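Coordinates from data_6.tsv are shown below (TSV, C-alpha atoms and all ligand atoms).
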```
chain	number	residue	atom	x	y	z
I	1	MET	CA	0.00	0.00	0.00
I	2	ILE	CA	2.56	2.57	1.14
I	3	ASP	CA	5.03	1.15	-1.30
I	4	SER	CA	2.73	1.70	-4.27
I	5	LYS	CA	1.83	5.19	-3.06
I	6	LEU	CA	5.48	6.16	-2.98
I	7	LYS	CA	6.11	4.68	-6.40
I	8	THR	CA	3.36	6.65	-8.08
I	9	TRP	CA	4.19	9.85	-6.18
I	10	GLU	CA	7.51	10.56	-7.94
I	11	GLY	CA	8.75	12.85	-5.16
I	12	GLU	CA	12.13	12.94	-3.44
I	13	THR	CA	11.89	12.10	0.26
I	14	VAL	CA	9.32	11.50	2.97
I	15	ILE	CA	10.12	11.96	6.64
I	16	ILE	CA	7.87	10.24	9.13
I	17	HIS	CA	8.22	11.19	12.76
I	18	PHE	CA	6.13	9.87	15.62
I	19	ASP	CA	5.89	12.49	18.37
I	20	ARG	CA	5.69	10.24	21.39
I	21	PRO	CA	4.59	12.78	24.04
I	22	SER	CA	1.50	13.83	22.07
I	23	ALA	CA	1.03	10.64	20.01
I	24	ALA	CA	0.78	12.78	16.86
I	25	THR	CA	2.40	11.62	13.64
I	26	ILE	CA	4.34	14.18	11.62
I	27	ILE	CA	4.82	13.52	7.93
I	28	ILE	CA	7.00	15.83	5.87
I	29	ALA	CA	6.87	15.16	2.13
I	30	LEU	CA	9.67	16.74	0.12
I	31	HIS	CA	8.38	16.44	-3.42
I	32	SER	CA	10.81	18.49	-5.45
I	33	SER	CA	13.81	20.72	-4.89
I	34	ARG	CA	14.45	21.44	-8.56
I	35	LEU	CA	13.48	25.07	-8.53
I	36	GLY	CA	14.47	25.78	-4.93
I	37	PRO	CA	14.02	24.45	-1.41
I	38	ALA	CA	10.84	22.44	-0.85
I	39	THR	CA	8.24	24.79	0.59
I	40	GLY	CA	4.70	24.20	1.74
I	41	GLY	CA	2.25	24.65	4.57
I	42	THR	CA	1.71	22.54	7.66
I	43	ARG	CA	-1.71	20.93	7.79
I	44	MET	CA	-2.79	19.80	11.22
I	45	LYS	CA	-5.92	17.73	11.75
I	46	ASN	CA	-7.36	14.33	12.54
I	47	TYR	CA	-7.13	11.69	9.86
I	48	PRO	CA	-8.98	8.38	9.93
I	49	ASP	CA	-5.70	6.48	9.56
I	50	PHE	CA	-2.02	6.77	8.70
I	51	GLU	CA	-2.58	6.00	5.00
I	52	SER	CA	-4.91	8.91	4.49
I	53	ALA	CA	-2.53	11.29	6.26
I	54	LEU	CA	0.33	10.07	4.09
I	55	GLU	CA	-1.78	10.30	0.96
I	56	ASP	CA	-2.69	13.90	1.81
I	57	ALA	CA	0.95	14.87	2.41
I	58	LEU	CA	2.07	13.25	-0.84
I	59	ARG	CA	-0.60	14.85	-3.01
I	60	LEU	CA	-0.36	18.26	-1.38
I	61	SER	CA	3.42	18.34	-1.73
I	62	ALA	CA	3.20	17.56	-5.45
I	63	GLY	CA	0.63	20.35	-5.76
I	64	MET	CA	3.14	22.78	-4.25
I	65	THR	CA	5.75	21.77	-6.84
I	66	TYR	CA	3.35	22.53	-9.71
I	67	LYS	CA	2.11	25.67	-8.00
I	68	PHE	CA	5.58	27.24	-7.93
I	69	ALA	CA	6.65	25.78	-11.28
I	70	VAL	CA	3.87	27.41	-13.34
I	71	PRO	CA	5.17	30.96	-12.83
I	72	GLY	CA	8.76	29.72	-12.31
I	73	PHE	CA	8.92	30.90	-8.71
I	74	PRO	CA	12.24	29.76	-7.16
I	75	ARG	CA	10.83	27.30	-4.64
I	76	GLY	CA	10.28	23.57	-4.70
I	77	GLY	CA	7.29	21.64	-3.44
I	78	GLY	CA	6.80	20.13	-0.01
I	79	LYS	CA	4.11	19.76	2.61
I	80	ALA	CA	3.85	18.70	6.20
I	81	VAL	CA	0.92	16.90	7.73
I	82	ILE	CA	0.52	16.61	11.48
I	83	SER	CA	-1.96	13.86	12.09
I	84	LEU	CA	-3.42	14.37	15.54
I	85	PRO	CA	-4.48	11.47	17.72
I	86	GLU	CA	-8.21	11.10	18.37
I	87	LYS	CA	-7.85	12.32	21.92
I	88	PHE	CA	-5.61	15.32	21.60
I	89	SER	CA	-5.47	17.66	24.53
I	90	PRO	CA	-4.98	21.34	23.60
I	91	GLN	CA	-2.29	21.67	26.28
I	92	MET	CA	-0.15	19.40	24.11
I	93	ARG	CA	-0.21	21.81	21.22
I	94	THR	CA	2.68	24.11	22.10
I	95	GLY	CA	5.05	21.26	22.94
I	96	LEU	CA	4.16	19.43	19.78
I	97	LEU	CA	4.78	22.52	17.66
I	98	GLN	CA	8.12	23.16	19.35
I	99	ARG	CA	9.27	19.61	18.76
I	100	TYR	CA	8.06	19.89	15.18
I	101	GLY	CA	10.16	23.07	14.87
I	102	LYS	CA	13.23	21.16	16.02
I	103	LEU	CA	12.64	18.59	13.35
I	104	ILE	CA	12.38	21.32	10.69
I	105	HIS	CA	15.56	22.88	12.00
I	106	LYS	CA	17.40	19.58	11.68
I	107	LEU	CA	16.44	19.43	8.02
I	108	ASN	CA	18.69	22.44	7.66
I	109	GLY	CA	16.82	24.27	4.94
I	110	GLN	CA	15.55	21.29	2.97
I	111	PHE	CA	12.01	22.29	4.01
I	112	TYR	CA	10.40	25.67	4.57
I	113	THR	CA	6.92	25.81	5.99
I	114	GLY	CA	3.98	28.14	6.53
I	115	PRO	CA	0.36	27.86	7.67
I	116	ASP	CA	-2.28	25.63	6.12
I	117	ILE	CA	-5.56	24.13	7.30
I	118	GLY	CA	-5.43	23.78	11.09
I	119	THR	CA	-2.46	26.10	11.66
I	120	SER	CA	-2.14	29.87	11.94
I	121	PRO	CA	0.54	32.59	12.07
I	122	SER	CA	0.65	32.30	15.88
I	123	ASP	CA	1.40	28.60	15.49
I	124	MET	CA	4.20	29.61	13.12
I	125	ASP	CA	5.61	31.83	15.91
I	126	ILE	CA	5.82	28.78	18.14
I	127	ILE	CA	7.31	26.55	15.44
I	128	ALA	CA	9.86	29.27	14.68
I	129	GLU	CA	11.10	29.28	18.31
I	130	THR	CA	12.94	26.08	17.43
I	131	GLY	CA	12.53	25.92	13.65
I	132	ALA	CA	13.88	29.32	12.57
I	133	PRO	CA	14.83	30.46	10.00
I	134	TYR	CA	12.75	28.00	7.98
I	135	VAL	CA	9.30	29.17	9.06
I	136	HIS	CA	7.20	31.62	7.06
I	137	SER	CA	4.11	33.63	7.88
I	138	ARG	CA	4.81	34.42	11.52
I	139	THR	CA	2.70	37.16	13.05
I	140	PRO	CA	3.77	40.77	12.36
I	141	GLN	CA	4.46	41.14	16.12
I	142	ALA	CA	7.02	38.36	15.83
I	143	GLY	CA	8.53	39.95	12.73
I	144	GLY	CA	6.70	37.88	10.12
I	145	ALA	CA	4.45	38.87	7.23
I	146	GLY	CA	1.31	37.55	8.94
I	147	SER	CA	-1.55	35.64	7.43
I	148	SER	CA	-1.25	34.27	3.90
I	149	GLY	CA	-5.04	33.98	3.43
I	150	PRO	CA	-5.66	37.51	2.08
I	151	PHE	CA	-3.02	37.05	-0.64
I	152	THR	CA	-4.44	33.69	-1.62
I	153	ALA	CA	-7.85	35.36	-1.82
I	154	LEU	CA	-6.46	38.06	-4.10
I	155	GLY	CA	-5.12	35.42	-6.48
I	156	VAL	CA	-8.41	33.53	-6.46
I	157	PHE	CA	-10.29	36.76	-7.10
I	158	THR	CA	-7.98	37.50	-10.03
I	159	GLY	CA	-8.57	33.97	-11.31
I	160	ILE	CA	-12.34	34.34	-11.09
I	161	LYS	CA	-12.18	37.54	-13.11
I	162	ALA	CA	-9.93	35.99	-15.76
I	163	ALA	CA	-12.25	32.99	-16.02
I	164	CYS	CA	-15.30	35.26	-16.36
I	165	GLN	CA	-13.53	37.18	-19.10
I	166	HIS	CA	-12.95	33.91	-20.93
I	167	VAL	CA	-16.45	32.50	-20.48
I	168	PHE	CA	-18.65	35.59	-20.55
I	169	GLY	CA	-16.40	37.96	-22.48
I	170	SER	CA	-16.21	40.45	-19.62
I	171	VAL	CA	-14.21	40.77	-16.42
I	172	THR	CA	-16.91	42.64	-14.63
I	173	LEU	CA	-18.35	40.70	-11.73
I	174	ALA	CA	-21.35	42.93	-11.10
I	175	GLY	CA	-24.38	40.68	-10.77
I	176	ARG	CA	-22.45	37.42	-11.21
I	177	ARG	CA	-23.52	34.74	-8.77
I	178	VAL	CA	-20.47	33.37	-6.98
I	179	LEU	CA	-20.80	30.52	-4.50
I	180	VAL	CA	-17.96	30.41	-1.99
I	181	GLN	CA	-17.58	27.12	-0.16
I	182	GLY	CA	-15.73	27.59	3.12
I	183	VAL	CA	-15.42	30.94	4.86
I	184	GLY	CA	-11.98	30.51	6.43
I	185	SER	CA	-8.97	32.78	6.11
I	186	VAL	CA	-9.18	32.70	2.31
I	187	GLY	CA	-12.97	32.64	1.93
I	188	GLN	CA	-13.49	35.65	4.18
I	189	LYS	CA	-11.22	37.92	2.23
I	190	LEU	CA	-12.45	36.55	-1.09
I	191	ILE	CA	-16.02	37.44	-0.10
I	192	GLU	CA	-14.84	40.99	0.65
I	193	TYR	CA	-13.24	41.31	-2.78
I	194	LEU	CA	-16.31	39.86	-4.49
I	195	ARG	CA	-18.72	42.13	-2.66
I	196	SER	CA	-16.71	45.22	-3.48
I	197	ALA	CA	-16.87	44.15	-7.13
I	198	LYS	CA	-20.68	43.97	-6.73
I	199	ALA	CA	-20.95	40.24	-7.30
I	200	GLU	CA	-23.90	38.38	-5.80
I	201	VAL	CA	-22.18	36.22	-3.19
I	202	LEU	CA	-23.60	32.96	-1.85
I	203	PHE	CA	-21.74	30.99	0.80
I	204	SER	CA	-21.63	27.58	2.38
I	205	ASP	CA	-20.00	26.56	5.63
I	206	ILE	CA	-20.49	24.10	8.46
I	207	ASP	CA	-19.59	26.40	11.35
I	208	GLU	CA	-22.68	27.79	13.09
I	209	LYS	CA	-20.94	31.03	14.09
I	210	ILE	CA	-19.83	31.71	10.52
I	211	ILE	CA	-23.30	30.89	9.20
I	212	ARG	CA	-24.94	33.29	11.63
I	213	LYS	CA	-22.51	36.06	10.85
I	214	TYR	CA	-22.63	35.84	7.06
I	215	ARG	CA	-26.32	34.99	6.72
I	216	ASP	CA	-27.90	37.02	9.51
I	217	GLU	CA	-25.55	39.95	9.96
I	218	ILE	CA	-24.10	40.43	6.50
I	219	GLY	CA	-27.19	39.15	4.71
I	220	LEU	CA	-25.67	36.73	2.21
I	221	GLU	CA	-27.55	33.74	0.85
I	222	PHE	CA	-26.56	30.61	2.75
I	223	VAL	CA	-26.33	27.33	0.86
I	224	PRO	CA	-26.53	24.28	3.12
I	225	PRO	CA	-23.80	21.72	2.38
I	226	GLU	CA	-26.28	19.20	0.96
I	227	LYS	CA	-27.37	21.74	-1.68
I	228	LEU	CA	-23.84	22.82	-2.54
I	229	PHE	CA	-23.65	21.11	-5.92
I	230	ASP	CA	-27.25	21.72	-6.94
I	231	THR	CA	-27.24	25.47	-6.57
I	232	GLU	CA	-27.26	27.50	-9.73
I	233	CYS	CA	-24.43	30.01	-9.96
I	234	ASP	CA	-21.91	31.45	-12.41
I	235	VAL	CA	-18.85	30.59	-10.37
I	236	PHE	CA	-18.38	27.83	-7.84
I	237	SER	CA	-15.40	28.61	-5.61
I	238	PRO	CA	-14.18	25.76	-3.38
I	239	CYS	CA	-12.21	27.29	-0.50
I	240	ALA	CA	-12.35	24.46	2.03
I	241	LEU	CA	-10.95	20.94	1.86
I	242	GLY	CA	-9.97	19.01	-1.28
I	243	ASN	CA	-11.71	16.35	-3.37
I	244	VAL	CA	-14.92	18.38	-3.83
I	245	ILE	CA	-14.97	17.84	-7.56
I	246	SER	CA	-15.78	14.24	-8.45
I	247	LYS	CA	-17.79	12.24	-10.96
I	248	GLU	CA	-20.83	12.55	-8.70
I	249	SER	CA	-20.55	16.24	-7.93
I	250	ILE	CA	-19.87	17.15	-11.57
I	251	GLU	CA	-23.13	15.49	-12.59
I	252	ARG	CA	-24.93	17.88	-10.27
I	253	LEU	CA	-22.96	21.10	-10.73
I	254	LYS	CA	-24.91	24.01	-12.18
I	255	CYS	CA	-22.13	26.53	-12.70
I	256	ARG	CA	-20.03	27.74	-15.62
I	257	ILE	CA	-16.74	28.14	-13.79
I	258	VAL	CA	-14.90	26.38	-10.98
I	259	ALA	CA	-12.22	28.60	-9.42
I	260	GLY	CA	-11.28	28.47	-5.77
I	261	GLY	CA	-8.56	28.45	-3.15
I	262	ALA	CA	-8.71	24.85	-1.91
I	263	ASN	CA	-5.85	22.51	-2.77
I	264	ASN	CA	-6.51	19.23	-4.60
I	265	GLN	CA	-10.03	20.09	-5.73
I	266	LEU	CA	-10.22	17.26	-8.27
I	267	THR	CA	-10.68	13.76	-6.92
I	268	GLU	CA	-9.01	12.33	-10.01
I	269	THR	CA	-7.46	13.75	-13.19
I	270	LYS	CA	-10.40	12.49	-15.23
I	271	ASP	CA	-12.59	15.05	-13.47
I	272	ALA	CA	-10.90	17.73	-15.56
I	273	GLN	CA	-12.28	16.04	-18.70
I	274	ARG	CA	-15.68	15.62	-17.12
I	275	LEU	CA	-15.82	19.34	-16.33
I	276	GLN	CA	-14.74	20.19	-19.85
I	277	ALA	CA	-17.37	17.91	-21.34
I	278	LYS	CA	-19.98	19.77	-19.30
I	279	LYS	CA	-18.59	23.09	-20.54
I	280	ILE	CA	-17.56	24.14	-17.08
I	281	LEU	CA	-14.30	26.08	-17.14
I	282	TYR	CA	-11.91	24.87	-14.46
I	283	ALA	CA	-9.24	27.30	-13.26
I	284	PRO	CA	-6.68	24.80	-11.90
I	285	ASP	CA	-6.44	25.03	-8.11
I	286	TYR	CA	-2.69	25.33	-7.82
I	287	VAL	CA	-2.62	28.06	-10.45
I	288	VAL	CA	-5.10	30.36	-8.73
I	289	ASN	CA	-4.20	29.59	-5.12
I	290	ILE	CA	-0.52	30.47	-5.28
I	291	GLY	CA	-1.07	33.94	-3.80
I	292	GLY	CA	-0.38	33.19	-0.13
I	293	ALA	CA	2.73	31.11	-0.59
I	294	MET	CA	4.13	33.43	-3.26
I	295	ALA	CA	3.46	36.71	-1.48
I	296	ILE	CA	4.68	35.56	1.92
I	297	THR	CA	7.88	33.94	0.69
I	298	GLY	CA	8.47	36.93	-1.60
I	299	MET	CA	8.05	39.38	1.26
I	300	GLU	CA	10.04	37.37	3.76
I	301	SER	CA	12.92	36.19	1.64
I	302	MET	CA	13.07	38.37	-1.46
I	303	GLY	CA	12.48	41.77	0.04
I	304	TRP	CA	9.12	42.43	-1.63
I	305	SER	CA	6.91	45.14	-0.17
I	306	HIS	CA	3.25	44.39	0.50
I	307	GLN	CA	2.36	46.27	-2.66
I	308	GLU	CA	4.93	44.45	-4.77
I	309	ALA	CA	3.64	41.12	-3.42
I	310	GLU	CA	0.08	41.95	-4.44
I	311	LYS	CA	1.22	43.03	-7.88
I	312	GLN	CA	3.20	39.80	-8.38
I	313	VAL	CA	0.25	37.67	-7.33
I	314	VAL	CA	-2.22	39.40	-9.64
I	315	GLU	CA	0.16	39.31	-12.59
I	316	SER	CA	1.23	35.75	-12.13
I	317	VAL	CA	-2.32	34.38	-11.84
I	318	ARG	CA	-3.52	36.45	-14.78
I	319	ASN	CA	-0.61	35.51	-17.04
I	320	ALA	CA	-0.73	31.84	-16.13
I	321	LEU	CA	-4.46	31.53	-16.82
I	322	GLY	CA	-4.04	33.42	-20.10
I	323	ARG	CA	-1.47	30.88	-21.28
I	324	ILE	CA	-3.54	27.98	-19.99
I	325	PHE	CA	-6.76	29.05	-21.72
I	326	GLU	CA	-4.83	29.59	-24.92
I	327	LEU	CA	-3.15	26.18	-24.78
I	328	THR	CA	-6.49	24.57	-24.02
I	329	GLU	CA	-7.89	25.98	-27.23
I	330	THR	CA	-4.93	25.42	-29.53
I	331	GLU	CA	-4.17	21.91	-28.27
I	332	GLY	CA	-7.62	20.74	-27.36
I	333	ILE	CA	-6.50	19.69	-23.89
I	334	THR	CA	-8.03	20.36	-20.47
I	335	THR	CA	-7.00	23.35	-18.40
I	336	GLU	CA	-5.52	20.90	-15.90
I	337	ALA	CA	-3.37	19.26	-18.61
I	338	ALA	CA	-2.31	22.67	-19.89
I	339	ALA	CA	-1.23	23.79	-16.40
I	340	ARG	CA	0.63	20.54	-15.90
I	341	ARG	CA	2.41	20.95	-19.22
I	342	ILE	CA	3.59	24.46	-18.37
I	343	ALA	CA	4.80	23.29	-14.96
I	344	GLU	CA	6.60	20.28	-16.37
I	345	GLU	CA	8.32	22.30	-19.06
I	346	ARG	CA	9.65	24.59	-16.38
I	347	LEU	CA	10.81	21.72	-14.19
I	348	ASN	CA	12.50	20.00	-17.11
I	349	SER	CA	14.34	23.15	-18.10
I	350	VAL	CA	16.39	22.90	-14.92
I	351	ASP	CA	18.72	19.98	-14.67
I	352	LYS	CA	19.49	18.36	-11.43
X	401	LIG	N1	-0.99	26.98	2.62
X	401	LIG	C1	-0.11	27.53	1.64
X	401	LIG	C2	-0.39	26.83	0.29
X	401	LIG	O1	-0.99	25.79	0.21
X	401	LIG	C3	1.29	27.27	2.06
X	401	LIG	C4	2.17	28.43	2.45
X	401	LIG	C5	1.70	29.56	3.07
X	401	LIG	C6	3.52	28.34	2.18
X	401	LIG	C7	2.56	30.60	3.37
X	401	LIG	C8	4.39	29.36	2.50
X	401	LIG	C9	3.88	30.50	3.11
X	401	LIG	O2	-0.01	27.33	-0.74
```

Produce structure tokens that represent the structure in this file.
Amino acid sequence: MIDSKLKTWEGETVIIHFDRPSAATIIIALHSSRLGPATGGTRMKNYPDFESALEDALRLSAGMTYKFAVPGFPRGGGKAVISLPEKFSPQMRTGLLQRYGKLIHKLNGQFYTGPDIGTSPSDMDIIAETGAPYVHSRTPQAGGAGSSGPFTALGVFTGIKAACQHVFGSVTLAGRRVLVQGVGSVGQKLIEYLRSAKAEVLFSDIDEKIIRKYRDEIGLEFVPPEKLFDTECDVFSPCALGNVISKESIERLKCRIVAGGANNQLTETKDAQRLQAKKILYAPDYVVNIGGAMAITGMESMGWSHQEAEKQVVESVRNALGRIFELTETEGITTEAAARRIAEERLNSVDK
């Protein structure tokens, strides 16, 4: 099982560390260092078993490689997964993060990390106590660039506009129905951008507090999770967990565009063909969600200002989608295949 997963993964190295005091398992997947040191977020959550945690780390790390390779950003792909035990006491959190930091430090620059689902800039502060200088996205108080979510949202917003231009012939979002799934650090900011562009925003979430705030206080249309795929909209924007797009969900989808911030949106590559057959334009996840990782690493290790970071994110998402939509038309391939081709060309142009 594990053996076959590693064989099909095609990455470089996987580090598996059992943190005895907390009983959490840390998996660091170093997928590629061709373009630069492997970089990727730390996802911390419960997984049903070791295999699914490993699978997540492997797939997410490959996604990071392609993410950076499309615009040729000088970073490689990696990802860390901290699989928490069923009974995890919150008092264990700080110690676990510090020990995780030590592990990162020992890797001596082979892996740089940042936040992902289940971790935040204040967690990065703790990891950096022992893991510096390989930790991105610390809080501004600790000298970091803060949350990556708003930059990811900016890239997704740019991607939605580019996709609308392609499908509807206009970038204007006024009156377009956009369904945002998941109002987390990316979804929140994305909703702000969409509302200021006068789009009609619908949202879906499972957190009662979020639902109350966005439905009752802000007045947005709430879509219950069971109606997610049956709701008519122009743009469906997955900003929560992966694997939302599948054979089953595609049969139900009533949108013209899929463009969101979540990683690994497709359950399998074939889903890209299924979307295309249904005339739904898919803006590949790793192309539009690069904003956070790009802006934060740019600001923290390349001296970019906040403004420069935003400019780089907007330009890189816009240019990449332009090339992808063009390739899709000239070559008759899916947007996913086009993105993959651009990434692979870049990776192959560097010998190692
Ligand atoms: N969660 C980010 C992503 O998936 C990872 C990241 C954030 C990496 C910030 C570096 C800095 O792209």

Using all atoms listed in the file and a cutoff of 12 Å, can you tell me which residues are near (13.9, 24.1, 9.6) in the file's coordinates, and write them out as a PDB file with C-alpha atoms, in the frame of the given file?
```pdb
ATOM      1  CA  ILE I  28       7.000  15.830   5.870  1.00  0.00           C
ATOM      2  CA  PRO I  37      14.020  24.450  -1.410  1.00  0.00           C
ATOM      3  CA  ALA I  38      10.840  22.440  -0.850  1.00  0.00           C
ATOM      4  CA  THR I  39       8.240  24.790   0.590  1.00  0.00           C
ATOM      5  CA  ALA I  80       3.850  18.700   6.200  1.00  0.00           C
ATOM      6  CA  GLN I  98       8.120  23.160  19.350  1.00  0.00           C
ATOM      7  CA  ARG I  99       9.270  19.610  18.760  1.00  0.00           C
ATOM      8  CA  TYR I 100       8.060  19.890  15.180  1.00  0.00           C
ATOM      9  CA  GLY I 101      10.160  23.070  14.870  1.00  0.00           C
ATOM     10  CA  LYS I 102      13.230  21.160  16.020  1.00  0.00           C
ATOM     11  CA  LEU I 103      12.640  18.590  13.350  1.00  0.00           C
ATOM     12  CA  ILE I 104      12.380  21.320  10.690  1.00  0.00           C
ATOM     13  CA  HIS I 105      15.560  22.880  12.000  1.00  0.00           C
ATOM     14  CA  LYS I 106      17.400  19.580  11.680  1.00  0.00           C
ATOM     15  CA  LEU I 107      16.440  19.430   8.020  1.00  0.00           C
ATOM     16  CA  ASN I 108      18.690  22.440   7.660  1.00  0.00           C
ATOM     17  CA  GLY I 109      16.820  24.270   4.940  1.00  0.00           C
ATOM     18  CA  GLN I 110      15.550  21.290   2.970  1.00  0.00           C
ATOM     19  CA  PHE I 111      12.010  22.290   4.010  1.00  0.00           C
ATOM     20  CA  TYR I 112      10.400  25.670   4.570  1.00  0.00           C
ATOM     21  CA  THR I 113       6.920  25.810   5.990  1.00  0.00           C
ATOM     22  CA  GLY I 114       3.980  28.140   6.530  1.00  0.00           C
ATOM     23  CA  MET I 124       4.200  29.610  13.120  1.00  0.00           C
ATOM     24  CA  ILE I 127       7.310  26.550  15.440  1.00  0.00           C
ATOM     25  CA  ALA I 128       9.860  29.270  14.680  1.00  0.00           C
ATOM     26  CA  GLU I 129      11.100  29.280  18.310  1.00  0.00           C
ATOM     27  CA  THR I 130      12.940  26.080  17.430  1.00  0.00           C
ATOM     28  CA  GLY I 131      12.530  25.920  13.650  1.00  0.00           C
ATOM     29  CA  ALA I 132      13.880  29.320  12.570  1.00  0.00           C
ATOM     30  CA  PRO I 133      14.830  30.460  10.000  1.00  0.00           C
ATOM     31  CA  TYR I 134      12.750  28.000   7.980  1.00  0.00           C
ATOM     32  CA  VAL I 135       9.300  29.170   9.060  1.00  0.00           C
ATOM     33  CA  HIS I 136       7.200  31.620   7.060  1.00  0.00           C
TER      34      HIS I 136
END
```

From (-9.2, 36.0, -13.4), in the file's coordinates, out to 9 Å: which residues are reached, counting all atoms listed in the file? Answer as a ChimeraX atom specification.
/I:155-166,171,259,283,288,314,317-318,321-322

Expected selection as a ChimeraX atom specification for ligand LIG 401 (chain X) within 6 Å, only C-alpha atoms and all ligand atoms
/I:40-41,113-116,136-137,148,290,292-293,296-297

At what distance in Å, to one decimal, does atom CA of Gln276 of chain I lie from atom CA of Glu329 of chain I?
11.6 Å

When distances are computed from only C-alpha atoms, which of I:Gln91, I:Asn46, I:Ser33, I:Gln181 shows the smallest separation from Asp205 of chain I?
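Of I:Gln91, I:Asn46, I:Ser33, I:Gln181, the one nearest Asp205 of chain I, counting only C-alpha atoms, is I:Gln181.
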
Shortest interatomic distance to Val244 of chain I - which of I:Glu310, I:Glu221, I:Glu232, I:Asp285, counting all atoms listed in the file
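Looking at the shortest contact to Val244 of chain I, the residue is I:Asp285.
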
Pairwise distance for atom CA of Pro238 of chain I and atom CA of Asp125 of chain I, rounded to one decimal in Å
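One can read the atom CA of Pro238 of chain I to atom CA of Asp125 of chain I distance as 28.3 Å.
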
Just to confirm, what's the straight-line distance from atom CA of Leu228 of chain I to atom CA of Glu192 of chain I in Å (one decimal)?
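For atom CA of Leu228 of chain I relative to atom CA of Glu192 of chain I, the distance reads 20.5 Å.
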
Give me the residues within 7 Å of Gly291 of chain I as a compact mmCIF listing (two decimals) with C-alpha atoms, keeping the file's coordinate frame, counting only C-alpha atoms and dropping any in the same chain fewer than 2 places off.
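This is the output file part_34.txt:
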```
# COMPACT_ATOMS: atom_id res chain seq x y z
CA PHE I 151 -3.02 37.05 -0.64
CA THR I 152 -4.44 33.69 -1.62
CA LEU I 154 -6.46 38.06 -4.10
CA GLY I 155 -5.12 35.42 -6.48
CA ASN I 289 -4.20 29.59 -5.12
CA ALA I 293 2.73 31.11 -0.59
CA MET I 294 4.13 33.43 -3.26
CA ALA I 295 3.46 36.71 -1.48
CA VAL I 313 0.25 37.67 -7.33
```

I:Ala69, I:Leu58, I:Val183, I:Met92 ranked by distance to Ala339 of chain I, top pick (using all atoms listed in the file):
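Looking only at the distances to Ala339 of chain I, the closest residue turns out to be I:Ala69.
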